[in-house]
Amino acid sequence: MTNVALRKLNIVLGGKPIIRDLDLAVEPGEFLVLLGPSGCGKSTLLHSIAGLVDSASGAIEIGGRDMTDADPSERGIGMVFQSYALYPTMTVEDNMSFGLRIAGTPKAEIRRRVDRAAAMLQLDALLRRKPAQLSGGQRQRVAIGRALVREARVFLFDEPLSNLDAKLRAELRRELKLLHRTLGATMIYVTHDQVEAMTLASRIVVMEGGVIRQVGTPLDVYERPANRFVAGFLGAPAMAFVDGVLDGAGGFGADGIRLAPGAAAASAAGPAVLGVRAEHVEIRPDGPLRGEVTLVETMGNHQVVWLRCGGALLASLVHDARRFAPGETVGFAIDAARVSLFDPVGGNRL
Amino acid sequence: MTTRTLARATPYAALLPMALVAVVGYVGAGLWTFYLSLTASRTFPSGAFIGLAQYGRLFDNERWMLSLHNLAAYGVAFVLASLVIGCLLAAAIDRNVTGEGVLRTVFLYPYALSFVATGLVWQWLLSPGDGIDGAIRALGVPWFRLDWIAGQDGAIYAVVVATVWQASGFVMALVLAGLRGVDPDIWKAARLDGIPVWRVYLQIVLPMLWPTLATVLLLLATAVAKLYDAVVALTQGGPGLASEVPAKFIMDHLFLRSNVGLASAGAIVLLVPVLALLAPYAYARSRREAA
Amino acid sequence: MNPHTIVSTLPAPAAPAAHQAPGAAGRARRRFTPARIGLYAFLLGAALFFLLPLYVMVVTSFKGMDEIRQGGIFALPHAPTLDAWRLAWSGACTGAACAGVRTGFWHSVAIVVPSTILPILLGAVNGYALSFWRPRGAHVLFGILMAGAFVPVQVMIYPLVRVLALAGVFGSLPAIVFVHLVFGLPVMTLLFRNYYCNVPHELFQAARIDGGGFWRIFLQVMLPMSLPVLAVAAIMQVTGVWNDYLLGLVFAGRDHMPMTVQLNNVINTTTGTRQYNVNMAATLLTALVPLALYFCSGRWFVRGIAAGAVKG
């Protein structure tokens, strides 16, 4: 089990700074997800860990050894690409063994490693096939197998599920999670899909514009977002934000909304932004707040009811079969212990 | 009702010229030539049917046999050289070199020239004493000889040099387009696997480019069969008959030596290898499209 | 909440690495490897090989004959002169007449213009009909057309001669234009067909729903969208027709002899000493139009090659 450490990493591409002064420590054996919108630099960061992109300054350490200038093939890493990048004219077996053959590894050793990887990934029956004859899941396993035979200690994944339809994506996501448990290797995974991040990660790194906005476990990042960007990025439907004022006595007030947030920060005074997740908004007739239903989205196993309250638009997750009509005024309550408060200037958590 | 029928007939009517050209121009003309090859036509077509006698005379004709021999030698050298040089150039440019635009322009401009212009300038460059031959010797290398064009065996290879110079850029352009279509992730995966660049090209990329290469091969091979202008310009088939090729044999016998029957037989014989190459190519293409 | 969760604290760095500096030297080192130098050497050498004939042509055309006789094919002219160019243009002897390649130039222009416009128009209609309307049996005809493009011209040439002679037009401008049409149609049709195959079929269907018929859709929807392929087709056809030798030799007749034929006559049928400077000037004059077109068209030329080579 190997760790990865990035210190003060700066990456410039085409004259533009993509990654700025980045520090990150990846624990051995963890499944770290780099999450962020397009262009935030997560893929570039992954490529620089792999050695496919040069950094302008800073250091990259893998397994305690400085790898900043090392060749991609010397870093002890394996990478799975979005398109899997299997060599199309070679069989599965040749795909996995090609690198080893070039390196001059003895045939018996190659055989041993390929068989071991094939057994671990259930590829034994597929060794003679060509990539075009494999399913998406099988191709993913071959791509991982290619890294396994090189005895990679760190596995990098560059949005491997983005090209797939929803059903296959869910299936392969579960396979990946099981695989991580079986192999126990350090895995760094890039995605823009927060569902993938939440289900797969042991820790999530949320990135925006080349900097890290928060690092934490999925629950950390979800329940205690460090800033407004992270709060808005995770969770579907997205967290609702309400501009208002803290009165200094533990109360928050905005047009139509009054409550006493449970957070210690609520005792401050001044303008603040309240963040509320849909699952913490409960529609009940005896609720202290009132709102007008604007839209109802039925999802099968739950509904999302959109309420307008004063100047704010809040979503509420409803898990029973109650019916709501647009225009109807309903009562609702917000779980004050679970809300977040943000500074209107700068967006950090109060 | 009539407007509908008229509307439905319009595409067919619009394609009428194409149909005429294809059926009358190509198939019809080809059949007529085949018919002529079975007659005793000399300056003008004659109705005297003589069966396959012309073909017999053809293969007894020393000049024809020599032209076939030359074309075979030329074909192998030309296709191999153009393919290798074109692929090397394409691979080199694919490596993210500076000045790529300028280089591509330089390698491809010969293709914009006519075969005649190419033949004429290389005739000058390869002429013994005056051209490269003389220049190198004047530079102080007295033993240097480049007189292929004047020799019996070497003349056809002079044609190879000139036409390879012209065609390599074309091969490069096609192969480069193919290379650009290769998934860049494959390159990254190969880098991670520690595979040296030349091996990636040879063992991974080139096999992936098989359709492009097949097309290039077909185009080069059919260009070999059509070789005429360059020979006329470069050597006029000479010295003597040293660089005679089938297309020139046919043209000379049609218009100068007034032997339409013999020339037609030659044309049909020249057609055979072309069809032999086209058939598997078309078959492979249609199978791939059906898949 | 706690600022420490925002950025993980790093463990103390491992024993200081061998090089403290960010390894800038290591990054620069990657640029000038021997492999890279060898690559550029190869490309430069190849470029020289390709440029050599052009250089020799230009340099020779500006020299006087005495300088050429002294040798040194690669040397720059001592006293550059335009005499060779003047002779090539209006004084060189082609067979009996001594009027240079000037007449050939205008003949070529007269041949190229109609031989470009007609095949392009027909090719566009064909490509359009083939990709959108797909009449029954059309693909067979198309296949024959394509096969015909590969077949050596000698297979079809004599029947064409006889037909044109019978029609009384052999050896005239209409004859050579007609022949260029026949032999240019396959590539033109292929170009347009491939181009229209990449136009979304939905566009065509929407036009039909709007009530468009065959010609209306072609003229008002497809043709206006076809500027890129029209450019490519024009470049390819102009180059191909201008550079043609064989068809011009056979069909154009003495009164419309194209420049390529005249050029070959000037150079290969002279008696007496060869005037290399005039020959090179004449060759350059003949190559001028396609070369200029090539240098100006840049990427379009390459697109033409790629499109024409992708058979179906």
# chains A, B, ... in the order shown; residues from 1 in each chain; ligands from 1
>>> interface_residues(of="chain B", to="chain A", cutoff="9 Å", atoms="only C-alpha atoms", output="PDB file with C-alpha atoms, in the first residue's frame")
ATOM      1  CA  ASP B 183      -7.147   7.754 -29.875  1.00  0.00           C
ATOM      2  CA  PRO B 184      -4.590   9.828 -27.932  1.00  0.00           C
ATOM      3  CA  ASP B 185      -5.316   7.714 -24.861  1.00  0.00           C
ATOM      4  CA  ILE B 186      -3.624   4.812 -26.620  1.00  0.00           C
ATOM      5  CA  TRP B 187      -0.436   6.856 -26.700  1.00  0.00           C
ATOM      6  CA  LYS B 188      -0.751   7.623 -23.002  1.00  0.00           C
ATOM      7  CA  ALA B 189      -1.354   3.978 -22.153  1.00  0.00           C
ATOM      8  CA  ALA B 190       1.702   2.998 -24.174  1.00  0.00           C
ATOM      9  CA  ARG B 191       3.811   5.583 -22.361  1.00  0.00           C
ATOM     10  CA  LEU B 192       2.687   4.152 -19.060  1.00  0.00           C
ATOM     11  CA  ASP B 193       3.540   0.670 -20.261  1.00  0.00           C
ATOM     12  CA  GLY B 194       7.000   1.962 -21.045  1.00  0.00           C
ATOM     13  CA  ILE B 195       6.800   1.134 -24.742  1.00  0.00           C
ATOM     14  CA  PRO B 196       9.340   2.993 -26.937  1.00  0.00           C
ATOM     15  CA  ARG B 199       7.434   0.159 -31.297  1.00  0.00           C
ATOM     16  CA  GLN B 203       3.120  -2.791 -33.384  1.00  0.00           C
ATOM     17  CA  ILE B 204       0.130  -0.773 -32.267  1.00  0.00           C
ATOM     18  CA  VAL B 205      -0.604   2.170 -34.559  1.00  0.00           C
ATOM     19  CA  PRO B 207      -1.996  -2.356 -37.529  1.00  0.00           C
ATOM     20  CA  MET B 208      -4.762   0.047 -36.496  1.00  0.00           C
TER      21      MET B 208
END
>>> interface_residues(of="chain A", to="chain C", cutoff="6 Å", atoms="only C-alpha atoms", output="list of chain:residue names")
A:Ser57, A:Gly58, A:Gln214, A:Val215
>>> atom_distance(atom1="CA of Leu87 in chain C", atom2="CA of Met280 in chain C")
11.2 Å
>>> residues_around(residues="Leu259 in chain A", least_positions_apart="5", cutoff="9 Å", atoms="only C-alpha atoms", output="ChimeraX atom specification")
/A:250-253,334,336
>>> atom_distance(atom1="CA of Val339 in chain A", atom2="CA of Glu297 in chain A")
23.2 Å
>>> residues_around(residues="range 313-323 of chain A", least_positions_apart="6", cutoff="7 Å", atoms="only C-alpha atoms", output="list in words")
Ala240, Ala278, Glu279, Val281, Glu282, Asn301, His302, Gln303, Val304, Val305, Trp306 and Leu307 of chain A
>>> write_last_selection(atoms="C-alpha atoms", output="PDB file, in the first residue's frame")
ATOM      1  CA  ALA A 240     -30.967  26.065  -1.574  1.00  0.00           C
ATOM      2  CA  ALA A 278     -34.135  19.353   0.362  1.00  0.00           C
ATOM      3  CA  GLU A 279     -34.174  16.407   2.760  1.00  0.00           C
ATOM      4  CA  VAL A 281     -37.307  20.639   4.499  1.00  0.00           C
ATOM      5  CA  GLU A 282     -40.387  18.816   5.778  1.00  0.00           C
ATOM      6  CA  ASN A 301     -39.804   6.470  -5.099  1.00  0.00           C
ATOM      7  CA  HIS A 302     -39.952  10.079  -3.943  1.00  0.00           C
ATOM      8  CA  GLN A 303     -41.168  13.530  -4.984  1.00  0.00           C
ATOM      9  CA  VAL A 304     -39.401  16.864  -5.123  1.00  0.00           C
ATOM     10  CA  VAL A 305     -41.810  19.668  -4.243  1.00  0.00           C
ATOM     11  CA  TRP A 306     -40.619  23.200  -4.978  1.00  0.00           C
ATOM     12  CA  LEU A 307     -41.837  25.854  -2.571  1.00  0.00           C
TER      13      LEU A 307
END
>>> select_by_dssp(residues="range 1-72 of chain B", states="alpha helix (DSSP H)", output="MDAnalysis selection string")
chainID B and resid 2:14 16:20 29:36 53:60 62:72
